[in-house]
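Structure file final-v2.txt (compact mmCIF, C-alpha atoms and all ligand atoms) follows.
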# COMPACT_ATOMS: atom_id res chain seq x y z
CA MET A 14 54.96 82.70 35.31
CA GLU A 15 52.77 81.54 38.21
CA LEU A 16 50.77 78.35 37.81
CA LEU A 17 47.82 79.66 39.85
CA GLY A 18 47.31 82.49 37.36
CA LEU A 19 46.80 80.11 34.41
CA PHE A 20 43.56 78.75 32.93
CA PRO A 21 43.33 75.01 32.10
CA GLU A 22 44.19 75.58 28.41
CA GLU A 23 47.31 77.55 29.36
CA ILE A 24 48.40 74.86 31.84
CA LYS A 25 47.94 72.29 29.07
CA GLU A 26 50.18 74.31 26.75
CA TRP A 27 52.87 74.44 29.42
CA LEU A 28 52.58 70.70 30.09
CA GLN A 29 52.78 69.83 26.40
CA SER A 30 55.83 72.02 25.94
CA HIS A 31 57.44 69.93 28.71
CA GLY A 32 56.44 66.57 27.19
CA ILE A 33 53.60 65.92 29.68
CA PRO A 34 50.14 64.80 28.40
CA ALA A 35 47.76 67.77 28.12
CA PHE A 36 44.84 66.10 29.94
CA ARG A 37 46.76 66.54 33.22
CA GLY A 38 46.04 70.27 32.87
CA ASP A 39 42.38 69.80 33.84
CA GLN A 40 43.37 67.74 36.88
CA ILE A 41 46.00 70.21 38.02
CA PHE A 42 43.69 73.23 37.58
CA SER A 43 40.98 71.50 39.57
CA TRP A 44 43.36 70.49 42.39
CA LEU A 45 44.66 74.02 42.68
CA HIS A 46 41.42 75.98 42.38
CA LYS A 47 38.64 73.62 43.45
CA HIS A 48 40.45 71.66 46.16
CA ALA A 49 42.79 74.49 47.18
CA VAL A 50 45.79 72.21 47.75
CA GLU A 51 48.81 73.93 49.26
CA ARG A 52 51.40 71.40 48.06
CA PHE A 53 51.74 69.70 44.68
CA GLU A 54 52.17 66.27 46.29
CA GLN A 55 48.56 66.53 47.58
CA MET A 56 47.32 66.01 43.98
CA THR A 57 46.80 62.29 44.48
CA ASN A 58 45.93 61.29 40.90
CA VAL A 59 48.89 63.10 39.33
CA PRO A 60 52.01 60.90 38.82
CA GLY A 61 55.16 61.54 40.86
CA ASP A 62 57.31 62.54 37.87
CA VAL A 63 54.81 65.27 36.88
CA ILE A 64 54.72 66.55 40.47
CA LEU A 65 58.50 66.69 40.45
CA ARG A 66 58.48 68.77 37.24
CA LEU A 67 55.96 71.19 38.79
CA GLN A 68 58.06 71.51 41.94
CA GLU A 69 61.19 72.19 39.87
CA ALA A 70 59.41 74.82 37.77
CA PHE A 71 57.20 76.53 40.34
CA GLY A 72 58.44 75.53 43.82
CA THR A 73 55.13 75.61 45.65
CA PRO A 74 51.64 76.44 44.30
CA TRP A 75 51.02 79.51 46.47
CA PRO A 76 52.98 82.73 45.83
CA LEU A 77 52.45 84.00 49.39
CA GLU A 78 52.74 82.94 52.99
CA LEU A 79 51.22 84.07 56.26
CA ALA A 80 53.28 86.70 58.12
CA ALA A 81 50.81 87.80 60.83
CA ARG A 82 47.25 87.13 61.89
CA ARG A 83 44.79 89.05 64.07
CA ARG A 84 41.41 87.85 65.27
CA SER A 85 38.71 90.28 66.35
CA LEU A 86 36.21 89.65 69.12
CA ASP A 87 33.48 89.83 66.44
CA GLY A 88 35.07 86.95 64.46
CA THR A 89 36.66 89.11 61.76
CA GLU A 90 40.17 87.92 60.92
CA LYS A 91 42.89 89.89 59.29
CA TYR A 92 45.96 88.37 57.66
CA LEU A 93 49.21 89.92 56.62
CA PHE A 94 50.75 87.91 53.76
CA ALA A 95 54.38 88.08 52.65
CA LEU A 96 54.83 87.78 48.89
CA LYS A 97 57.88 86.24 47.21
CA ASP A 98 59.62 89.63 46.96
CA GLN A 99 59.03 90.13 50.72
CA THR A 100 56.47 92.90 50.19
CA THR A 101 53.28 92.49 52.22
CA ILE A 102 49.52 92.70 51.66
CA GLU A 103 46.45 92.39 53.84
CA THR A 104 43.41 90.15 53.47
CA VAL A 105 40.32 90.24 55.68
CA TYR A 106 37.91 87.40 56.43
CA LEU A 107 34.38 88.44 57.45
CA PRO A 108 32.30 85.52 58.72
CA GLU A 109 28.52 85.90 59.06
CA GLU A 110 25.77 83.41 59.74
CA GLU A 111 24.78 82.96 56.11
CA ARG A 112 27.96 83.81 54.29
CA GLN A 113 31.71 83.92 54.45
CA THR A 114 33.27 86.92 52.73
CA VAL A 115 36.89 87.59 51.90
CA CYS A 116 38.15 91.10 51.23
CA LEU A 117 41.09 90.99 48.81
CA SER A 118 44.03 93.22 48.08
CA THR A 119 44.90 93.93 44.46
CA GLN A 120 48.07 96.00 44.80
CA VAL A 121 50.96 96.37 47.22
CA GLY A 122 50.16 99.85 48.51
CA CYS A 123 48.12 102.24 46.39
CA ALA A 124 48.83 105.30 44.27
CA MET A 125 45.43 106.95 44.77
CA ASN A 126 46.40 108.73 47.98
CA CYS A 127 42.94 109.06 49.57
CA SER A 128 43.39 111.12 52.73
CA PHE A 129 41.45 108.81 55.06
CA CYS A 130 43.24 105.59 54.06
CA ALA A 131 46.31 104.06 55.68
CA THR A 132 47.18 102.20 52.46
CA GLY A 133 47.02 105.40 50.43
CA GLN A 134 49.32 107.09 52.90
CA SER A 135 51.94 104.35 52.61
CA GLY A 136 52.41 104.81 48.83
CA TYR A 137 52.33 102.48 45.84
CA VAL A 138 54.76 99.60 45.39
CA ARG A 139 53.39 97.33 42.64
CA ASN A 140 50.41 95.52 41.14
CA LEU A 141 49.56 92.03 42.33
CA SER A 142 49.48 89.20 39.78
CA ALA A 143 46.26 87.27 39.19
CA ALA A 144 47.85 84.34 41.06
CA GLU A 145 48.57 86.52 44.10
CA ILE A 146 44.97 87.75 44.07
CA VAL A 147 43.26 84.34 43.80
CA THR A 148 45.62 82.75 46.32
CA GLN A 149 44.17 85.02 49.03
CA VAL A 150 40.84 83.23 48.45
CA LEU A 151 42.38 79.77 48.14
CA TRP A 152 44.46 80.16 51.29
CA LEU A 153 41.29 80.92 53.24
CA GLU A 154 39.35 78.14 51.54
CA HIS A 155 42.06 75.77 52.66
CA GLN A 156 41.66 76.91 56.28
CA LEU A 157 37.85 76.81 56.20
CA ARG A 158 37.71 73.25 54.86
CA ALA A 159 38.61 71.96 58.32
CA PHE A 160 35.37 73.54 59.61
CA GLY A 161 33.19 72.34 56.71
CA LYS A 162 32.89 75.90 55.37
CA SER A 163 33.92 77.75 52.25
CA ILE A 164 34.09 81.27 50.89
CA THR A 165 30.74 82.46 49.50
CA ASN A 166 31.53 86.08 48.57
CA VAL A 167 34.58 87.96 47.39
CA VAL A 168 35.00 91.72 47.59
CA TYR A 169 37.92 93.47 45.91
CA MET A 170 38.10 96.20 48.54
CA GLY A 171 41.41 95.63 50.33
CA MET A 172 44.67 97.37 49.60
CA GLY A 173 44.99 98.98 46.19
CA GLU A 174 42.71 100.36 43.50
CA PRO A 175 41.39 97.24 41.70
CA LEU A 176 40.70 98.96 38.38
CA ALA A 177 44.25 100.35 38.27
CA ASN A 178 45.30 96.69 38.02
CA TYR A 179 42.59 95.93 35.49
CA GLY A 180 44.09 92.94 33.61
CA ALA A 181 45.08 90.91 36.67
CA VAL A 182 41.84 91.71 38.52
CA LEU A 183 39.72 90.63 35.58
CA ARG A 184 41.77 87.46 35.11
CA SER A 185 41.39 86.64 38.81
CA ALA A 186 37.61 87.12 38.57
CA HIS A 187 37.44 84.73 35.60
CA LEU A 188 39.63 82.21 37.47
CA LEU A 189 37.40 82.33 40.57
CA ASN A 190 34.34 82.03 38.33
CA HIS A 191 35.74 79.08 36.32
CA PRO A 192 33.44 76.00 36.38
CA GLN A 193 36.38 73.60 36.73
CA GLY A 194 37.74 75.58 39.64
CA ARG A 195 36.17 77.48 42.52
CA ASN A 196 33.08 78.24 40.39
CA LEU A 197 32.08 81.34 42.37
CA GLY A 198 29.19 83.06 40.58
CA ALA A 199 30.13 86.45 39.14
CA ARG A 200 27.30 87.96 41.17
CA ARG A 201 29.16 86.93 44.31
CA LEU A 202 32.13 89.05 43.30
CA THR A 203 32.23 92.77 44.01
CA ILE A 204 34.88 94.97 42.42
CA SER A 205 35.36 98.37 43.98
CA THR A 206 36.84 101.51 42.51
CA CYS A 207 37.64 105.01 43.66
CA GLY A 208 36.33 106.20 40.31
CA LEU A 209 38.57 105.37 37.33
CA VAL A 210 36.16 106.33 34.56
CA PRO A 211 37.77 104.64 31.51
CA GLN A 212 38.06 101.33 33.38
CA ILE A 213 34.43 101.52 34.62
CA ARG A 214 33.35 101.88 31.00
CA ALA A 215 35.63 99.01 29.95
CA LEU A 216 34.26 96.78 32.71
CA ALA A 217 30.72 97.56 31.56
CA ASN A 218 31.61 96.05 28.18
CA GLU A 219 33.08 92.81 29.59
CA GLU A 220 29.78 90.91 29.89
CA LEU A 221 30.80 89.77 33.37
CA GLN A 222 27.96 90.11 35.88
CA VAL A 223 30.13 91.29 38.78
CA ASN A 224 28.91 93.90 41.26
CA LEU A 225 30.50 97.31 41.08
CA ALA A 226 31.09 99.37 44.22
CA VAL A 227 32.07 103.00 43.70
CA SER A 228 33.70 104.95 46.51
CA LEU A 229 32.04 108.35 46.50
CA HIS A 230 32.77 109.78 49.97
CA ALA A 231 31.93 113.41 49.07
CA VAL A 232 29.22 115.27 47.20
CA THR A 233 30.98 118.26 45.65
CA ASP A 234 34.04 118.26 43.42
CA ALA A 235 35.89 120.59 45.78
CA ASP A 236 35.34 118.30 48.79
CA ARG A 237 35.94 115.09 46.88
CA SER A 238 39.16 116.37 45.30
CA ARG A 239 40.41 117.27 48.75
CA ILE A 240 40.01 113.77 50.21
CA MET A 241 40.28 111.77 46.95
CA PRO A 242 42.80 113.22 44.49
CA VAL A 243 41.42 110.94 41.72
CA ASN A 244 38.48 113.36 41.51
CA ARG A 245 40.75 115.96 39.90
CA ARG A 246 41.11 113.60 36.91
CA PHE A 247 37.54 112.29 36.90
CA PRO A 248 35.09 114.73 38.50
CA LEU A 249 31.74 113.69 39.91
CA GLN A 250 29.53 114.22 36.87
CA GLU A 251 31.92 112.30 34.62
CA LEU A 252 32.03 109.52 37.18
CA LEU A 253 28.26 109.31 37.53
CA GLN A 254 27.86 109.21 33.74
CA ALA A 255 30.26 106.25 33.57
CA CYS A 256 28.28 104.55 36.37
CA ASP A 257 25.05 105.11 34.42
CA TYR A 258 26.72 103.49 31.42
CA TYR A 259 27.67 100.50 33.62
CA THR A 260 24.05 100.16 34.75
CA GLN A 261 22.72 100.43 31.18
CA GLN A 262 25.11 97.76 29.89
CA THR A 263 24.81 95.29 32.77
CA ASN A 264 21.47 96.10 34.37
CA ARG A 265 23.33 95.79 37.68
CA ARG A 266 22.67 98.00 40.67
CA ILE A 267 25.75 100.00 41.69
CA SER A 268 26.82 100.29 45.33
CA TYR A 269 28.00 103.75 46.28
CA GLU A 270 30.31 103.64 49.27
CA TYR A 271 30.26 106.70 51.49
CA ALA A 272 32.77 106.71 54.35
CA LEU A 273 31.45 109.13 56.93
CA ILE A 274 34.26 111.26 58.37
CA GLY A 275 33.33 113.39 61.36
CA GLY A 276 33.21 117.11 60.50
CA VAL A 277 34.29 116.49 56.89
CA ASN A 278 31.42 114.94 54.90
CA ASP A 279 28.76 114.02 57.47
CA SER A 280 26.58 117.16 57.49
CA LEU A 281 22.86 117.09 56.72
CA ALA A 282 23.55 119.38 53.76
CA ALA A 283 25.88 116.69 52.38
CA ALA A 284 23.16 114.08 52.91
CA HIS A 285 20.66 116.18 50.92
CA ARG A 286 23.17 116.74 48.13
CA LEU A 287 23.92 113.00 47.98
CA ARG A 288 20.22 112.29 47.78
CA GLN A 289 19.90 114.76 44.92
CA LEU A 290 22.85 113.19 43.07
CA LEU A 291 21.59 109.61 43.31
CA GLN A 292 17.81 109.93 43.22
CA GLY A 293 16.37 107.88 40.37
CA ARG A 294 19.56 105.90 39.80
CA LEU A 295 19.64 102.10 40.14
CA CYS A 296 21.86 102.08 43.20
CA HIS A 297 22.40 101.40 46.87
CA VAL A 298 24.35 103.54 49.32
CA ASN A 299 26.58 101.98 51.96
CA LEU A 300 27.34 104.39 54.75
CA ILE A 301 30.57 103.48 56.52
CA PRO A 302 31.47 105.28 59.75
CA ILE A 303 35.27 105.31 59.33
CA ASN A 304 37.83 103.51 61.42
CA PRO A 305 39.89 106.53 62.52
CA VAL A 306 43.21 107.01 60.67
CA GLY A 307 45.54 109.91 61.52
CA THR A 308 43.50 112.99 62.37
CA GLU A 309 40.21 111.73 60.88
CA ARG A 310 37.45 111.00 63.39
CA ARG A 311 34.34 108.87 63.40
CA PRO A 312 30.93 110.62 63.52
CA SER A 313 28.46 109.74 66.27
CA MET A 314 25.93 107.00 65.53
CA ALA A 315 23.13 109.57 65.92
CA LYS A 316 24.68 111.63 63.13
CA VAL A 317 25.04 108.54 60.95
CA ALA A 318 21.37 107.66 61.52
CA GLN A 319 20.26 111.20 60.60
CA PHE A 320 22.32 111.04 57.42
CA ALA A 321 20.71 107.72 56.46
CA LYS A 322 17.23 109.06 57.17
CA VAL A 323 17.66 111.87 54.63
CA LEU A 324 18.49 109.31 51.95
CA GLU A 325 15.63 107.01 52.94
CA GLU A 326 13.17 109.88 52.76
CA GLY A 327 14.36 110.50 49.20
CA ARG A 328 13.86 106.81 48.35
CA VAL A 329 17.57 106.25 47.88
CA PRO A 330 18.24 102.71 49.23
CA VAL A 331 20.76 102.91 52.03
CA SER A 332 22.36 100.76 54.70
CA ILE A 333 24.83 101.45 57.46
CA ARG A 334 27.70 99.06 57.28
CA LYS A 335 28.26 97.23 60.52
CA GLU A 336 31.63 98.00 61.99
CA ARG A 337 33.87 94.97 61.95
CA GLY A 338 37.24 94.30 63.48
CA THR A 339 37.83 97.73 64.99
CA ASP A 340 39.94 96.06 67.70
CA ILE A 341 42.36 94.52 65.17
CA GLU A 342 43.23 97.46 62.90
CA ALA A 343 40.82 96.17 60.26
CA ALA A 344 40.72 99.40 58.26
CA CYS A 345 42.50 98.98 54.96
CA GLY A 346 46.28 99.16 55.39
CA GLN A 347 46.40 99.62 59.14
CA LEU A 348 47.94 96.27 60.04
CA ARG A 349 50.54 96.58 57.28
CA GLN A 350 51.39 100.11 58.38
CA THR A 351 51.92 98.94 61.96
CA GLN A 352 54.17 96.14 60.72
CA LEU A 353 56.18 98.53 58.51
CA GLN A 354 56.66 100.89 61.47
CA GLU A 355 57.81 98.00 63.63
S1 LIG A 401 40.83 104.08 49.73
FE1 LIG A 401 41.31 102.54 48.18
S2 LIG A 401 41.81 103.78 46.35
FE2 LIG A 401 41.94 105.18 48.11
S3 LIG A 401 44.12 105.10 48.73
FE3 LIG A 401 43.00 103.56 49.95
S4 LIG A 401 43.27 101.64 48.83
FE4 LIG A 401 43.74 103.33 47.41

Let me see whether you can do it: turn the structure in this file into structure tokens.
Ligand code: SF4
Amino acid sequence: MELLGLFPEEIKEWLQSHGIPAFRGDQIFSWLHKHAVERFEQMTNVPGDVILRLQEAFGTPWPLELAARRRSLDGTEKYLFALKDQTTIETVYLPEEERQTVCLSTQVGCAMNCSFCATGQSGYVRNLSAAEIVTQVLWLEHQLRAFGKSITNVVYMGMGEPLANYGAVLRSAHLLNHPQGRNLGARRLTISTCGLVPQIRALANEELQVNLAVSLHAVTDADRSRIMPVNRRFPLQELLQACDYYTQQTNRRISYEYALIGGVNDSLAAAHRLRQLLQGRLCHVNLIPINPVGTERRPSMAKVAQFAKVLEEGRVPVSIRKERGTDIEAACGQLRQTQLQE
């Protein structure tokens, strides 16, 4: 059991079962999630004997520690965290003028095996716990406090397929959203998926107003199955039907992520087909010129602009995602892969 993965009521149960008054549960939850303390002794209104019991039971609040850090010229920071079992995950911090975004990992490695992704190529190890997921936010919050800043947006787009770790991801979203804790509005949370249809439908029924980002990356089943094996289980039409269901249930606009890979999915014909697929849907397309991995190459900016123009002309809302952190191996899984090779 990890304390950071528990809601106030669950902390109270644990305290009571150890002879400690339940009301301390609210204080402890708030210290951990709202104030992002890194040591139990920083909880100044909690008595010493209670702190001692927490230290005996849990050691330290955070289930991870920093193993490596890279800072890009554009301000993007990437962290490699070591977990208690010595496996590693990556977290990315993306500062902008108006907002501070953290990109979280949800699994150690990933089983989805997308061809363009360093994480996919390194294989799956295990799911993260809810505590390991929220601590990535809290660790950063703790750092940002010194500069009078805090995290404003959370995207579940780091290592792993978030919806393959459905329970822990959902719990982490509720923890981040909790009014006694970090109190991040659900609309500031974006959960991404490579297209797990049953989980998209389940998420639609959760009554949680999170944003959903769906990685599309190709416009025919043959092409998509080649670069994203998940498409063999859940082909495009099935996926789009599940996305329509999500929109109906939540009235939320879906983001379709389209990583442009030179010579693979960046033709004008692909742009027209994408336009045809998404026209009339409540959606937004994010075009992402890829950070090269292995043999994949990045298309020219002129090609990216042409691709976007086709969508715009079809009234499909589109933006080109600004490249961040290309000098620090910011693509998902790259830093971890380098460290594993070393
Ligand atoms: S792109 Fe996402 S879903 Fe695909 S292998 Fe990488 S981490 Fe997994």

Nearest residue to ligand LIG 401 (chain A) out of A:Val243, A:Val232, A:Leu93, A:Val50, using all atoms listed in the file?
A:Val243

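For the set A:Gln113, A:Thr165, A:Gln149, A:Ser205, the residue with the smallest atom-to-atom gap to ligand LIG 401 (chain A) is A:Ser205, counting all atoms listed in the file.
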
Taking only C-alpha atoms and all ligand atoms and a cut-off of 10 Å, can you tell me which residues surround ligand LIG 401 (chain A), written as a PyMOL selection string?
chain A and resi 118-137+169-177+205-209+228+230+240-243+272+344-346

Need the shell around Leu16 of chain A: protein/DNA/RNA residues with any atom at most 9 Å away, counting only C-alpha atoms. Skip same-chain ones fewer than 4 positions apart. Format as a PyMOL selection string?
chain A and resi 20+24+42+45+67+71+74-75+144

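In this comparison, which uses all atoms listed in the file, the residue of A:Asp279, A:Glu145, A:Glu54, A:Glu326 approaching Arg184 of chain A most closely is A:Glu145.
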
Taking the block above, write segment 14-34 of chain A with N, CA and C atoms as a PDB file, in the first residue's frame.
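That gives us decode.pdb:
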ATOM      1  N   MET A  14       0.839  -1.206   0.000  1.00  0.00           N
ATOM      2  CA  MET A  14       0.000   0.000   0.000  1.00  0.00           C
ATOM      3  C   MET A  14       0.879   1.262   0.000  1.00  0.00           C
ATOM      4  N   GLU A  15       0.491   2.230  -0.812  1.00  0.00           N
ATOM      5  CA  GLU A  15       1.234   3.500  -0.860  1.00  0.00           C
ATOM      6  C   GLU A  15       0.298   4.617  -0.420  1.00  0.00           C
ATOM      7  N   LEU A  16       0.761   5.397   0.545  1.00  0.00           N
ATOM      8  CA  LEU A  16      -0.081   6.432   1.144  1.00  0.00           C
ATOM      9  C   LEU A  16      -0.575   7.441   0.101  1.00  0.00           C
ATOM     10  N   LEU A  17       0.286   7.769  -0.867  1.00  0.00           N
ATOM     11  CA  LEU A  17      -0.092   8.790  -1.852  1.00  0.00           C
ATOM     12  C   LEU A  17      -1.189   8.336  -2.810  1.00  0.00           C
ATOM     13  N   GLY A  18      -1.496   7.051  -2.792  1.00  0.00           N
ATOM     14  CA  GLY A  18      -2.561   6.543  -3.660  1.00  0.00           C
ATOM     15  C   GLY A  18      -3.902   6.473  -2.952  1.00  0.00           C
ATOM     16  N   LEU A  19      -3.957   6.931  -1.683  1.00  0.00           N
ATOM     17  CA  LEU A  19      -5.189   6.802  -0.895  1.00  0.00           C
ATOM     18  C   LEU A  19      -5.962   8.116  -0.823  1.00  0.00           C
ATOM     19  N   PHE A  20      -7.299   8.008  -0.828  1.00  0.00           N
ATOM     20  CA  PHE A  20      -8.167   9.168  -0.612  1.00  0.00           C
ATOM     21  C   PHE A  20      -8.285   9.409   0.901  1.00  0.00           C
ATOM     22  N   PRO A  21      -8.757  10.615   1.309  1.00  0.00           N
ATOM     23  CA  PRO A  21      -8.824  10.917   2.747  1.00  0.00           C
ATOM     24  C   PRO A  21      -9.537   9.833   3.557  1.00  0.00           C
ATOM     25  N   GLU A  22     -10.662   9.313   3.046  1.00  0.00           N
ATOM     26  CA  GLU A  22     -11.420   8.314   3.810  1.00  0.00           C
ATOM     27  C   GLU A  22     -10.597   7.051   4.021  1.00  0.00           C
ATOM     28  N   GLU A  23      -9.796   6.695   3.010  1.00  0.00           N
ATOM     29  CA  GLU A  23      -8.980   5.475   3.124  1.00  0.00           C
ATOM     30  C   GLU A  23      -7.811   5.709   4.098  1.00  0.00           C
ATOM     31  N   ILE A  24      -7.274   6.931   4.094  1.00  0.00           N
ATOM     32  CA  ILE A  24      -6.202   7.234   5.064  1.00  0.00           C
ATOM     33  C   ILE A  24      -6.785   7.154   6.480  1.00  0.00           C
ATOM     34  N   LYS A  25      -8.006   7.676   6.621  1.00  0.00           N
ATOM     35  CA  LYS A  25      -8.648   7.649   7.952  1.00  0.00           C
ATOM     36  C   LYS A  25      -8.822   6.210   8.442  1.00  0.00           C
ATOM     37  N   GLU A  26      -9.232   5.334   7.535  1.00  0.00           N
ATOM     38  CA  GLU A  26      -9.403   3.917   7.915  1.00  0.00           C
ATOM     39  C   GLU A  26      -8.084   3.346   8.409  1.00  0.00           C
ATOM     40  N   TRP A  27      -7.005   3.659   7.668  1.00  0.00           N
ATOM     41  CA  TRP A  27      -5.693   3.135   8.056  1.00  0.00           C
ATOM     42  C   TRP A  27      -5.291   3.694   9.431  1.00  0.00           C
ATOM     43  N   LEU A  28      -5.520   4.995   9.624  1.00  0.00           N
ATOM     44  CA  LEU A  28      -5.145   5.617  10.897  1.00  0.00           C
ATOM     45  C   LEU A  28      -5.910   4.973  12.050  1.00  0.00           C
ATOM     46  N   GLN A  29      -7.233   4.814  11.853  1.00  0.00           N
ATOM     47  CA  GLN A  29      -8.056   4.240  12.922  1.00  0.00           C
ATOM     48  C   GLN A  29      -7.614   2.822  13.256  1.00  0.00           C
ATOM     49  N   SER A  30      -7.259   2.071  12.216  1.00  0.00           N
ATOM     50  CA  SER A  30      -6.827   0.690  12.473  1.00  0.00           C
ATOM     51  C   SER A  30      -5.477   0.662  13.204  1.00  0.00           C
ATOM     52  N   HIS A  31      -4.804   1.817  13.280  1.00  0.00           N
ATOM     53  CA  HIS A  31      -3.540   1.899  14.021  1.00  0.00           C
ATOM     54  C   HIS A  31      -3.689   2.768  15.271  1.00  0.00           C
ATOM     55  N   GLY A  32      -4.946   2.967  15.696  1.00  0.00           N
ATOM     56  CA  GLY A  32      -5.219   3.686  16.948  1.00  0.00           C
ATOM     57  C   GLY A  32      -4.952   5.181  16.872  1.00  0.00           C
ATOM     58  N   ILE A  33      -4.984   5.758  15.700  1.00  0.00           N
ATOM     59  CA  ILE A  33      -4.714   7.201  15.528  1.00  0.00           C
ATOM     60  C   ILE A  33      -6.035   7.884  15.142  1.00  0.00           C
ATOM     61  N   PRO A  34      -6.370   9.048  15.752  1.00  0.00           N
ATOM     62  CA  PRO A  34      -7.655   9.695  15.452  1.00  0.00           C
ATOM     63  C   PRO A  34      -7.841   9.957  13.946  1.00  0.00           C
TER      64      PRO A  34
END
